[in-house]
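Taking it in order: structure first as structure tokens, then the write-up.
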Amino acid sequence: MNENTEQPRPNPANQQEFLRVFLANEREILRYVVALVPNLADAQEILQQTAIVLWEKFDQYDAGRPFAPWACRFALNVTRQWIDRRQRWKALLEGGLVEELALRREQLRPEFDARLVHLDQCMQKLPEHQRSLVDAYYFRQQDIDVVAGQVQRTVEAVYKALQRIRQQLRECIELSLRKEAAG
Amino acid sequence: MKYPSTEFDNAVAAVFHGTNTAEDTAKLRELLRTNQDAQDEYLWRAELHGRLASGSPEFSRAAADSMNYDRQSVEVQAAPLSGDGSYARWGFRSSSALVAVLAVVILGGGLWMWHDSQTGSVETGNPNETSVATIADLGDSRWMDPAVKLSAGDAVRVGQRIELSSGKVEVLFNTGAQLSIVGPAVVEPLASNRVFLTFGEVNLLAETPESKGFTVVTPTSEFVDISTAFTARVSPDGLSRLNVTEGEVDVVLEGTQRGPRLRAGETLYVEPGERQIMTRIEEGDGTPAFRFPSIGSPSADDYADQTRGDATIRLAQGELKSQAGKSGPVTVLTDGKGQSHQDAPSESAFFEDSTRGSLLIDLSQEVSITQVNSYSWHQHDTNESHRHRARQQFTLYGHSGNPLPDLTLPPSESGWERIARVNSDRFFEVTTPLDRPAQQACSITAARGEIGRYRYLLWEVNGRTLFGEIDVYGSPTTKLQR
């Protein structure tokens, strides 16, 4: 192949439309991936690879239909390939379990969405040091070693703290649901 | 494993954090397959985990309502994180996936053209946040959002995202640090001495005591100024580049307390991804000794050297030049030495003119690879500017074992894992032939020590570079505790 061969230039309007719908749905696709591969670094990598596949397939997307379900089909394929290449995930999810989880999540989504309505207020109730941990680990996506260094605790202690925070949030959400049900 | 139980709680958390043992994994798998309640609870926990990682629902709605399209870096809450003036936020920064998307746009040939037609908004920051800098000079800059009206002297706040379409903006921080942003670029101050560079280029000059430690955070790395000046660049596909022009800079990589310290004149690339692959390219002394500032000389002590008998090298795709001034065999690349002089085709391996091809090294078993070096040398005996065959432009892939992927398919579609991309012309910012060093070395390493575990390595080479040696360092995984 000639070194100077140029690839065809994509349609800018198509690029813009893709960026618009992808960015509008990126969170939802990420959450779908996290449900299957809940390690955040791995999920981000899968999301990246999915973004590339989606762009390649974007001319097949029917704009009259919702983007996220269409995109999640490709995300599932990328996730399968990811799992196949990594022993840790293969040991947990091979043999159809990943597809089973994907299907079950769809069934449970209305219930999950109803619970997650209470997440914001439960976040507000966390003590400041716990919110800082959530910020560093989830939003800033800082490496756990860095987070541990900042709070002057061991990595294990930070993981344990995150586990406790999630438990507190779940308990708070359950309590809110019960209050809501009681009127 | 039972459900509910502390063992279940801990196993699920370990999966989330990537610390699960094989035993826990097997037990959890069995439980998830056989107990519907446990599976539902696992999914609920994963849903919450994913929701935290992607921002709150309230945040999502607010963001969607307030923007032309769903921009992703809005702050919804501020709480002190540390004593350095930075703030904790609960939101979602879509940098990694976004840059991947932009990468495919660009790989398709539309270099930055989407910016010209962008209508995205610019974050103006929280007015309650402290001003950390002022706009010193705007030059002929253009913003991604034409509605943006910034003038010299305007304050810049923490969280105020600066989205530059073209031109250059000079920002003077209160600490005295001078940051020059070269468009197209997206930059966001995180604190008084800290910015996030989503993509684009910034040049930092930090000469005051207060500006020491100024940090440029990129999607892969943190570049911490020790003294005095550096350039950081993030490609749309997440590849970070650091070039130190004066003094020293520490590179902090995810998963490490501190990475390498670079000195004036040194440059480092950091690939996006979990392995934190780093690439250094250096100019040699132009002698058969192949001496480089920090990269070792061609060696017979590496794992792939032919004297060890462990590895074989062969042409995977393409043809070596076979006419006048023809290439040597590919085995010259594993003979432990570079070329003996500057124009030695028979001691080099290179492809036919105007072609590309690939080279395959079979290490005969899975090897934990820690370093891959490649060396090139070419300059015409009489024409000093004729040295274009010294350029190294290749993509390195790895594959862990059998079967060997179909070599007739593109590596990206046949199971190869991309390790690193190298373009030494871009690295040396070659604009005239004499900018290009005639003798070059490229060294690929990983922040965490191991590049990966592979049996096969594939170099997809673009052009007719006169490679003289390839060295692969590592140990068989059978000798390592897995």
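The way I read the labels, and the way they are meant: chains A, B, ... in the order of the structure tokens, residue 1 as the first residue of every chain, and ligand 1 as the first ligand shown, with later ones counted on from there.
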Got a sec: who's within 7 Å of range 117-122 of chain A, counting only C-alpha atoms, leaving out chain neighbours fewer than 4 positions off, as a PDB file with N, CA, C and O atoms, in the first residue's frame?
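Writing the result to part-v3.pdb gives the following:
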```pdb
ATOM      1  N   ASP A 113     -34.358   1.502  38.623  1.00  0.00           N
ATOM      2  CA  ASP A 113     -34.542   2.936  38.391  1.00  0.00           C
ATOM      3  C   ASP A 113     -35.359   3.566  39.517  1.00  0.00           C
ATOM      4  O   ASP A 113     -35.076   4.683  39.957  1.00  0.00           O
ATOM      5  N   LEU A 126     -24.240  11.268  53.201  1.00  0.00           N
ATOM      6  CA  LEU A 126     -22.926  10.700  53.535  1.00  0.00           C
ATOM      7  C   LEU A 126     -22.067  11.757  54.219  1.00  0.00           C
ATOM      8  O   LEU A 126     -22.103  12.927  53.834  1.00  0.00           O
ATOM      9  N   LEU A 169     -25.340   3.326  51.291  1.00  0.00           N
ATOM     10  CA  LEU A 169     -26.228   3.881  50.268  1.00  0.00           C
ATOM     11  C   LEU A 169     -27.393   2.931  49.994  1.00  0.00           C
ATOM     12  O   LEU A 169     -28.538   3.364  49.856  1.00  0.00           O
ATOM     13  N   CYS A 172     -29.756   3.163  52.878  1.00  0.00           N
ATOM     14  CA  CYS A 172     -30.479   4.446  52.840  1.00  0.00           C
ATOM     15  C   CYS A 172     -31.572   4.390  51.778  1.00  0.00           C
ATOM     16  O   CYS A 172     -32.702   4.852  52.005  1.00  0.00           O
ATOM     17  N   ILE A 173     -31.256   3.826  50.646  1.00  0.00           N
ATOM     18  CA  ILE A 173     -32.244   3.731  49.561  1.00  0.00           C
ATOM     19  C   ILE A 173     -33.415   2.836  49.988  1.00  0.00           C
ATOM     20  O   ILE A 173     -34.583   3.171  49.751  1.00  0.00           O
ATOM     21  N   SER A 176     -35.580   4.758  52.317  1.00  0.00           N
ATOM     22  CA  SER A 176     -36.371   5.763  51.586  1.00  0.00           C
ATOM     23  C   SER A 176     -37.545   5.109  50.875  1.00  0.00           C
ATOM     24  O   SER A 176     -38.655   5.666  50.832  1.00  0.00           O
TER      25      SER A 176
ATOM     26  N   SER B  56     -24.982  11.012  38.821  1.00  0.00           N
ATOM     27  CA  SER B  56     -26.304  10.788  39.378  1.00  0.00           C
ATOM     28  C   SER B  56     -27.396  11.030  38.338  1.00  0.00           C
ATOM     29  O   SER B  56     -27.198  11.752  37.381  1.00  0.00           O
TER      30      SER B  56
END
```
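Every protein or nucleic acid residue with an atom no more than 7 Å from Ala46 in chain B, counting only C-alpha atoms and leaving out same-chain residues fewer than 3 positions away, appears here: Val34, Ala35 and Pro38 of chain A; Tyr42, Leu43, His49 and Gly50 of chain B.
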key: Per-residue DSSP, range 3-182 of chain A, filtered to alpha helix (DSSP H), as a PyMOL selection string   = chain A and resi 12-36+40-57+67-84+87-93+97-116+119-125+128-134+144-151+155-182
request  = Write out as a PyMOL selection string all residues of range 126-267 of chain B that backbone DSSP assigns to strand (DSSP E).
outcome  = chain B and resi 131-137+142-143+155-157+162-166+168-173+178-191+194-205+215-217+221-234+240-253+261-263+267
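Ranking A:Ala75, A:Ala114, A:Leu92, A:Ala102 by their shortest atom-to-atom distance to chain B, with only C-alpha atoms included, puts A:Leu92 first.
Taking only C-alpha atoms into account, chain A lies nearest to B:Leu253 out of the set B:Leu179, B:Ile135, B:Leu253, B:Ala344.
Interatomic distance, CA of Gly452 in chain B to CA of Ser240 in chain B: 19.8 Å.
Separating CA of Glu384 in chain B from CA of Pro437 in chain B is a distance of 10.8 Å.
Separating CA of Gln342 in chain B from CA of Leu396 in chain B is a distance of 25.0 Å.
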inquiry  = Env of Gln168 in chain A: 12 Å cut, atoms = only C-alpha atoms, seq-sep filter 2 positions within chain, self excluded. Answer as a PyMOL selection string.
reply    = (chain A and resi 119+122-127+130-131+161-166+170-175) or (chain B and resi 45+48)
ask   = Can you list, as a ChimeraX atom specification, every protein, DNA or RNA residue that comes within 9 Å of Gln141 in chain A when you count only C-alpha atoms, leaving out same-chain residues fewer than 6 positions away?
value = /A:40-41,135 /B:53
Hey, can you spit out that residue selection with N, CA, C and O atoms as a CSV table (one decimal), in the first residue's frame?
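Output contents, as saved in again.csv:
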```csv
chain,number,residue,atom,x,y,z
A,40,LEU,N,-14.3,-1.0,37.1
A,40,LEU,CA,-14.5,0.2,36.4
A,40,LEU,C,-13.4,0.5,35.3
A,40,LEU,O,-13.8,0.9,34.2
A,41,ALA,N,-12.2,0.1,35.6
A,41,ALA,CA,-11.2,0.3,34.6
A,41,ALA,C,-11.5,-0.6,33.4
A,41,ALA,O,-11.3,-0.1,32.2
A,135,ASP,N,-16.0,10.7,45.4
A,135,ASP,CA,-15.5,11.6,44.3
A,135,ASP,C,-14.2,11.1,43.7
A,135,ASP,O,-14.0,11.0,42.5
B,53,ALA,N,-20.4,5.5,39.1
B,53,ALA,CA,-19.3,5.8,38.2
B,53,ALA,C,-19.8,6.7,37.0
B,53,ALA,O,-18.9,7.2,36.3
```
request  = Extract, using only C-alpha atoms, all DNA, RNA and protein residues at most 7 Å from Leu320 in chain B, discarding same-chain residues fewer than 5 positions from it, and format them as a PyMOL selection string.
outcome  = chain B and resi 327+350-352
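Residue nearest chain B within the list A:Ala181, A:Ala68, A:Leu23, A:Ala148: A:Leu23 [criterion: smallest interatomic distance, only C-alpha atoms].
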Determine, counting only C-alpha atoms, which protein, DNA and RNA residues have an atom within 9 Å of an atom of range 183-187 of chain B; residues of the same chain fewer than 3 positions away are not included. Present the result as a PDB file with all heavy atoms, in the first residue's frame.
```pdb
ATOM      1  N   TRP B 112      -9.785  16.900  13.007  1.00  0.00           N
ATOM      2  CA  TRP B 112     -10.279  18.069  13.728  1.00  0.00           C
ATOM      3  C   TRP B 112     -11.414  18.802  13.013  1.00  0.00           C
ATOM      4  O   TRP B 112     -11.876  19.815  13.465  1.00  0.00           O
ATOM      5  CB  TRP B 112      -9.154  19.078  14.000  1.00  0.00           C
ATOM      6  CG  TRP B 112      -8.128  18.529  14.880  1.00  0.00           C
ATOM      7  CD1 TRP B 112      -6.822  18.327  14.562  1.00  0.00           C
ATOM      8  CD2 TRP B 112      -8.283  18.079  16.221  1.00  0.00           C
ATOM      9  NE1 TRP B 112      -6.166  17.782  15.624  1.00  0.00           N
ATOM     10  CE2 TRP B 112      -7.029  17.616  16.655  1.00  0.00           C
ATOM     11  CE3 TRP B 112      -9.377  18.006  17.101  1.00  0.00           C
ATOM     12  CZ2 TRP B 112      -6.820  17.107  17.896  1.00  0.00           C
ATOM     13  CZ3 TRP B 112      -9.164  17.490  18.365  1.00  0.00           C
ATOM     14  CH2 TRP B 112      -7.890  17.050  18.736  1.00  0.00           C
ATOM     15  N   HIS B 115     -14.545  20.014  14.738  1.00  0.00           N
ATOM     16  CA  HIS B 115     -14.535  21.185  15.621  1.00  0.00           C
ATOM     17  C   HIS B 115     -15.151  22.396  14.953  1.00  0.00           C
ATOM     18  O   HIS B 115     -15.815  23.200  15.575  1.00  0.00           O
ATOM     19  CB  HIS B 115     -13.097  21.540  16.014  1.00  0.00           C
ATOM     20  CG  HIS B 115     -12.549  20.616  17.018  1.00  0.00           C
ATOM     21  ND1 HIS B 115     -12.929  20.652  18.324  1.00  0.00           N
ATOM     22  CD2 HIS B 115     -11.672  19.606  16.898  1.00  0.00           C
ATOM     23  CE1 HIS B 115     -12.294  19.701  18.986  1.00  0.00           C
ATOM     24  NE2 HIS B 115     -11.529  19.055  18.141  1.00  0.00           N
ATOM     25  N   SER B 141      -7.289  33.497  18.700  1.00  0.00           N
ATOM     26  CA  SER B 141      -7.957  32.260  19.088  1.00  0.00           C
ATOM     27  C   SER B 141      -9.422  32.236  18.659  1.00  0.00           C
ATOM     28  O   SER B 141     -10.073  33.273  18.551  1.00  0.00           O
ATOM     29  CB  SER B 141      -7.867  32.084  20.607  1.00  0.00           C
ATOM     30  OG  SER B 141      -8.372  33.232  21.226  1.00  0.00           O
ATOM     31  N   ARG B 142      -9.905  31.013  18.437  1.00  0.00           N
ATOM     32  CA  ARG B 142     -11.330  30.795  18.163  1.00  0.00           C
ATOM     33  C   ARG B 142     -11.842  29.767  19.154  1.00  0.00           C
ATOM     34  O   ARG B 142     -11.154  28.799  19.476  1.00  0.00           O
ATOM     35  CB  ARG B 142     -11.528  30.260  16.742  1.00  0.00           C
ATOM     36  CG  ARG B 142     -11.308  31.297  15.671  1.00  0.00           C
ATOM     37  CD  ARG B 142     -11.432  30.663  14.303  1.00  0.00           C
ATOM     38  NE  ARG B 142     -12.729  30.047  14.092  1.00  0.00           N
ATOM     39  CZ  ARG B 142     -12.947  29.041  13.242  1.00  0.00           C
ATOM     40  NH1 ARG B 142     -11.954  28.520  12.563  1.00  0.00           N
ATOM     41  NH2 ARG B 142     -14.156  28.550  13.087  1.00  0.00           N
ATOM     42  N   TRP B 143     -13.071  29.971  19.618  1.00  0.00           N
ATOM     43  CA  TRP B 143     -13.650  29.046  20.584  1.00  0.00           C
ATOM     44  C   TRP B 143     -14.528  28.041  19.867  1.00  0.00           C
ATOM     45  O   TRP B 143     -15.062  28.328  18.796  1.00  0.00           O
ATOM     46  CB  TRP B 143     -14.495  29.797  21.624  1.00  0.00           C
ATOM     47  CG  TRP B 143     -13.721  30.884  22.286  1.00  0.00           C
ATOM     48  CD1 TRP B 143     -13.778  32.221  22.015  1.00  0.00           C
ATOM     49  CD2 TRP B 143     -12.728  30.724  23.285  1.00  0.00           C
ATOM     50  NE1 TRP B 143     -12.895  32.908  22.791  1.00  0.00           N
ATOM     51  CE2 TRP B 143     -12.227  32.014  23.583  1.00  0.00           C
ATOM     52  CE3 TRP B 143     -12.191  29.641  23.962  1.00  0.00           C
ATOM     53  CZ2 TRP B 143     -11.235  32.237  24.534  1.00  0.00           C
ATOM     54  CZ3 TRP B 143     -11.209  29.854  24.905  1.00  0.00           C
ATOM     55  CH2 TRP B 143     -10.741  31.133  25.189  1.00  0.00           C
ATOM     56  N   MET B 144     -14.697  26.898  20.487  1.00  0.00           N
ATOM     57  CA  MET B 144     -15.589  25.909  19.906  1.00  0.00           C
ATOM     58  C   MET B 144     -17.025  26.438  19.852  1.00  0.00           C
ATOM     59  O   MET B 144     -17.769  26.155  18.937  1.00  0.00           O
ATOM     60  CB  MET B 144     -15.535  24.601  20.696  1.00  0.00           C
ATOM     61  CG  MET B 144     -14.214  23.881  20.500  1.00  0.00           C
ATOM     62  SD  MET B 144     -14.192  22.330  21.338  1.00  0.00           S
ATOM     63  CE  MET B 144     -12.453  21.896  21.145  1.00  0.00           C
ATOM     64  N   GLN B 160     -13.924  25.775  35.233  1.00  0.00           N
ATOM     65  CA  GLN B 160     -14.290  26.496  34.002  1.00  0.00           C
ATOM     66  C   GLN B 160     -13.536  25.870  32.836  1.00  0.00           C
ATOM     67  O   GLN B 160     -12.331  26.026  32.704  1.00  0.00           O
ATOM     68  CB  GLN B 160     -13.916  27.965  34.135  1.00  0.00           C
ATOM     69  CG  GLN B 160     -14.238  28.773  32.896  1.00  0.00           C
ATOM     70  CD  GLN B 160     -13.988  30.256  33.095  1.00  0.00           C
ATOM     71  OE1 GLN B 160     -13.718  30.707  34.213  1.00  0.00           O
ATOM     72  NE2 GLN B 160     -14.065  31.016  32.016  1.00  0.00           N
ATOM     73  N   ARG B 161     -14.276  25.186  32.005  1.00  0.00           N
ATOM     74  CA  ARG B 161     -13.606  24.461  30.928  1.00  0.00           C
ATOM     75  C   ARG B 161     -13.309  25.399  29.764  1.00  0.00           C
ATOM     76  O   ARG B 161     -14.199  26.112  29.305  1.00  0.00           O
ATOM     77  CB  ARG B 161     -14.468  23.294  30.462  1.00  0.00           C
ATOM     78  CG  ARG B 161     -13.655  22.161  29.930  1.00  0.00           C
ATOM     79  CD  ARG B 161     -14.440  20.912  29.830  1.00  0.00           C
ATOM     80  NE  ARG B 161     -15.637  21.072  29.010  1.00  0.00           N
ATOM     81  CZ  ARG B 161     -16.466  20.069  28.748  1.00  0.00           C
ATOM     82  NH1 ARG B 161     -16.236  18.892  29.247  1.00  0.00           N
ATOM     83  NH2 ARG B 161     -17.528  20.252  27.998  1.00  0.00           N
ATOM     84  N   ILE B 162     -12.086  25.365  29.332  1.00  0.00           N
ATOM     85  CA  ILE B 162     -11.663  26.223  28.229  1.00  0.00           C
ATOM     86  C   ILE B 162     -11.602  25.356  26.980  1.00  0.00           C
ATOM     87  O   ILE B 162     -10.795  24.427  26.901  1.00  0.00           O
ATOM     88  CB  ILE B 162     -10.289  26.851  28.532  1.00  0.00           C
ATOM     89  CG1 ILE B 162     -10.381  27.689  29.805  1.00  0.00           C
ATOM     90  CG2 ILE B 162      -9.794  27.678  27.359  1.00  0.00           C
ATOM     91  CD1 ILE B 162      -9.040  28.114  30.371  1.00  0.00           C
ATOM     92  N   GLU B 163     -12.481  25.645  26.021  1.00  0.00           N
ATOM     93  CA  GLU B 163     -12.580  24.829  24.808  1.00  0.00           C
ATOM     94  C   GLU B 163     -12.159  25.677  23.622  1.00  0.00           C
ATOM     95  O   GLU B 163     -12.921  26.519  23.145  1.00  0.00           O
ATOM     96  CB  GLU B 163     -14.004  24.322  24.625  1.00  0.00           C
ATOM     97  CG  GLU B 163     -14.457  23.439  25.770  1.00  0.00           C
ATOM     98  CD  GLU B 163     -15.883  22.931  25.581  1.00  0.00           C
ATOM     99  OE1 GLU B 163     -16.659  23.599  24.872  1.00  0.00           O
ATOM    100  OE2 GLU B 163     -16.207  21.883  26.143  1.00  0.00           O
ATOM    101  N   LEU B 164     -10.975  25.447  23.175  1.00  0.00           N
ATOM    102  CA  LEU B 164     -10.373  26.263  22.138  1.00  0.00           C
ATOM    103  C   LEU B 164     -10.393  25.511  20.816  1.00  0.00           C
ATOM    104  O   LEU B 164      -9.913  24.377  20.739  1.00  0.00           O
ATOM    105  CB  LEU B 164      -8.932  26.582  22.561  1.00  0.00           C
ATOM    106  CG  LEU B 164      -8.160  27.606  21.755  1.00  0.00           C
ATOM    107  CD1 LEU B 164      -8.832  28.968  21.826  1.00  0.00           C
ATOM    108  CD2 LEU B 164      -6.728  27.697  22.294  1.00  0.00           C
ATOM    109  N   SER B 165     -10.936  26.149  19.793  1.00  0.00           N
ATOM    110  CA  SER B 165     -11.008  25.503  18.482  1.00  0.00           C
ATOM    111  C   SER B 165      -9.704  25.678  17.705  1.00  0.00           C
ATOM    112  O   SER B 165      -9.208  24.754  17.078  1.00  0.00           O
ATOM    113  CB  SER B 165     -12.176  26.094  17.686  1.00  0.00           C
ATOM    114  OG  SER B 165     -12.204  25.551  16.403  1.00  0.00           O
ATOM    115  N   SER B 166      -9.143  26.894  17.755  1.00  0.00           N
ATOM    116  CA  SER B 166      -7.860  27.133  17.093  1.00  0.00           C
ATOM    117  C   SER B 166      -7.194  28.342  17.734  1.00  0.00           C
ATOM    118  O   SER B 166      -7.799  29.055  18.535  1.00  0.00           O
ATOM    119  CB  SER B 166      -8.079  27.375  15.592  1.00  0.00           C
ATOM    120  OG  SER B 166      -8.840  28.554  15.408  1.00  0.00           O
ATOM    121  N   GLY B 167      -5.944  28.553  17.386  1.00  0.00           N
ATOM    122  CA  GLY B 167      -5.205  29.666  17.952  1.00  0.00           C
ATOM    123  C   GLY B 167      -4.563  29.317  19.279  1.00  0.00           C
ATOM    124  O   GLY B 167      -4.435  28.134  19.630  1.00  0.00           O
ATOM    125  N   LYS B 168      -4.188  30.352  20.004  1.00  0.00           N
ATOM    126  CA  LYS B 168      -3.467  30.135  21.262  1.00  0.00           C
ATOM    127  C   LYS B 168      -3.984  31.090  22.328  1.00  0.00           C
ATOM    128  O   LYS B 168      -4.228  32.275  22.035  1.00  0.00           O
ATOM    129  CB  LYS B 168      -1.981  30.384  21.030  1.00  0.00           C
ATOM    130  CG  LYS B 168      -1.100  29.985  22.198  1.00  0.00           C
ATOM    131  CD  LYS B 168       0.322  30.446  21.976  1.00  0.00           C
ATOM    132  CE  LYS B 168       1.118  29.472  21.137  1.00  0.00           C
ATOM    133  NZ  LYS B 168       2.561  29.800  21.128  1.00  0.00           N
ATOM    134  N   VAL B 169      -4.156  30.588  23.530  1.00  0.00           N
ATOM    135  CA  VAL B 169      -4.596  31.424  24.656  1.00  0.00           C
ATOM    136  C   VAL B 169      -3.551  31.323  25.764  1.00  0.00           C
ATOM    137  O   VAL B 169      -3.122  30.220  26.127  1.00  0.00           O
ATOM    138  CB  VAL B 169      -5.967  30.941  25.195  1.00  0.00           C
ATOM    139  CG1 VAL B 169      -6.307  31.651  26.494  1.00  0.00           C
ATOM    140  CG2 VAL B 169      -7.054  31.181  24.173  1.00  0.00           C
ATOM    141  N   VAL B 195      -4.342  21.485  36.340  1.00  0.00           N
ATOM    142  CA  VAL B 195      -5.347  21.529  35.274  1.00  0.00           C
ATOM    143  C   VAL B 195      -5.542  20.131  34.704  1.00  0.00           C
ATOM    144  O   VAL B 195      -4.653  19.276  34.799  1.00  0.00           O
ATOM    145  CB  VAL B 195      -4.941  22.471  34.112  1.00  0.00           C
ATOM    146  CG1 VAL B 195      -4.840  23.911  34.583  1.00  0.00           C
ATOM    147  CG2 VAL B 195      -3.658  22.024  33.435  1.00  0.00           C
ATOM    148  N   PHE B 196      -6.718  19.926  34.129  1.00  0.00           N
ATOM    149  CA  PHE B 196      -6.986  18.678  33.412  1.00  0.00           C
ATOM    150  C   PHE B 196      -6.959  18.988  31.921  1.00  0.00           C
ATOM    151  O   PHE B 196      -7.668  19.879  31.451  1.00  0.00           O
ATOM    152  CB  PHE B 196      -8.347  18.093  33.796  1.00  0.00           C
ATOM    153  CG  PHE B 196      -8.558  16.697  33.275  1.00  0.00           C
ATOM    154  CD1 PHE B 196      -8.236  15.597  34.049  1.00  0.00           C
ATOM    155  CD2 PHE B 196      -9.038  16.483  31.989  1.00  0.00           C
ATOM    156  CE1 PHE B 196      -8.400  14.305  33.567  1.00  0.00           C
ATOM    157  CE2 PHE B 196      -9.201  15.196  31.490  1.00  0.00           C
ATOM    158  CZ  PHE B 196      -8.882  14.102  32.284  1.00  0.00           C
ATOM    159  N   LEU B 197      -6.135  18.241  31.199  1.00  0.00           N
ATOM    160  CA  LEU B 197      -6.033  18.406  29.746  1.00  0.00           C
ATOM    161  C   LEU B 197      -6.740  17.209  29.109  1.00  0.00           C
ATOM    162  O   LEU B 197      -6.222  16.099  29.102  1.00  0.00           O
ATOM    163  CB  LEU B 197      -4.553  18.446  29.335  1.00  0.00           C
ATOM    164  CG  LEU B 197      -4.253  18.465  27.832  1.00  0.00           C
ATOM    165  CD1 LEU B 197      -4.819  19.713  27.172  1.00  0.00           C
ATOM    166  CD2 LEU B 197      -2.734  18.397  27.600  1.00  0.00           C
ATOM    167  N   THR B 198      -7.962  17.436  28.606  1.00  0.00           N
ATOM    168  CA  THR B 198      -8.711  16.349  27.977  1.00  0.00           C
ATOM    169  C   THR B 198      -8.086  15.984  26.645  1.00  0.00           C
ATOM    170  O   THR B 198      -7.862  14.820  26.343  1.00  0.00           O
ATOM    171  CB  THR B 198     -10.178  16.757  27.763  1.00  0.00           C
ATOM    172  OG1 THR B 198     -10.740  17.071  29.032  1.00  0.00           O
ATOM    173  CG2 THR B 198     -10.986  15.638  27.128  1.00  0.00           C
ATOM    174  N   PHE B 199      -7.818  16.961  25.837  1.00  0.00           N
ATOM    175  CA  PHE B 199      -7.002  16.756  24.649  1.00  0.00           C
ATOM    176  C   PHE B 199      -6.464  18.095  24.172  1.00  0.00           C
ATOM    177  O   PHE B 199      -6.896  19.154  24.619  1.00  0.00           O
ATOM    178  CB  PHE B 199      -7.764  16.019  23.539  1.00  0.00           C
ATOM    179  CG  PHE B 199      -8.964  16.742  22.996  1.00  0.00           C
ATOM    180  CD1 PHE B 199      -8.833  17.683  21.988  1.00  0.00           C
ATOM    181  CD2 PHE B 199     -10.224  16.470  23.483  1.00  0.00           C
ATOM    182  CE1 PHE B 199      -9.948  18.347  21.480  1.00  0.00           C
ATOM    183  CE2 PHE B 199     -11.333  17.126  22.983  1.00  0.00           C
ATOM    184  CZ  PHE B 199     -11.195  18.063  21.985  1.00  0.00           C
ATOM    185  N   GLY B 200      -5.482  18.026  23.294  1.00  0.00           N
ATOM    186  CA  GLY B 200      -4.849  19.235  22.816  1.00  0.00           C
ATOM    187  C   GLY B 200      -3.466  19.386  23.424  1.00  0.00           C
ATOM    188  O   GLY B 200      -2.901  18.434  23.962  1.00  0.00           O
ATOM    189  N   GLU B 201      -2.970  20.621  23.342  1.00  0.00           N
ATOM    190  CA  GLU B 201      -1.589  20.868  23.789  1.00  0.00           C
ATOM    191  C   GLU B 201      -1.530  22.051  24.735  1.00  0.00           C
ATOM    192  O   GLU B 201      -2.202  23.064  24.521  1.00  0.00           O
ATOM    193  CB  GLU B 201      -0.708  21.146  22.563  1.00  0.00           C
ATOM    194  CG  GLU B 201       0.734  21.484  22.908  1.00  0.00           C
ATOM    195  CD  GLU B 201       1.568  21.795  21.679  1.00  0.00           C
ATOM    196  OE1 GLU B 201       1.388  21.117  20.652  1.00  0.00           O
ATOM    197  OE2 GLU B 201       2.392  22.728  21.746  1.00  0.00           O
ATOM    198  N   VAL B 202      -0.745  21.923  25.782  1.00  0.00           N
ATOM    199  CA  VAL B 202      -0.455  23.061  26.650  1.00  0.00           C
ATOM    200  C   VAL B 202       1.053  23.164  26.839  1.00  0.00           C
ATOM    201  O   VAL B 202       1.761  22.160  26.888  1.00  0.00           O
ATOM    202  CB  VAL B 202      -1.137  22.951  28.040  1.00  0.00           C
ATOM    203  CG1 VAL B 202      -2.646  23.004  27.919  1.00  0.00           C
ATOM    204  CG2 VAL B 202      -0.699  21.696  28.782  1.00  0.00           C
ATOM    205  N   VAL B 234      -2.179  15.794  24.478  1.00  0.00           N
ATOM    206  CA  VAL B 234      -3.022  14.595  24.496  1.00  0.00           C
ATOM    207  C   VAL B 234      -3.691  14.475  23.132  1.00  0.00           C
ATOM    208  O   VAL B 234      -4.388  15.383  22.692  1.00  0.00           O
ATOM    209  CB  VAL B 234      -4.101  14.672  25.594  1.00  0.00           C
ATOM    210  CG1 VAL B 234      -5.006  13.443  25.537  1.00  0.00           C
ATOM    211  CG2 VAL B 234      -3.456  14.787  26.962  1.00  0.00           C
TER     212      VAL B 234
END
```
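In this comparison, which uses only C-alpha atoms, the residue of A:Asp84, A:Glu128, A:Glu156, A:Glu17 approaching Trp55 in chain A most closely is A:Glu17.
Nearest residue to chain A, choosing from B:Met278, B:Ala420, B:Ala311, B:Val461 and counting only C-alpha atoms: B:Val461.
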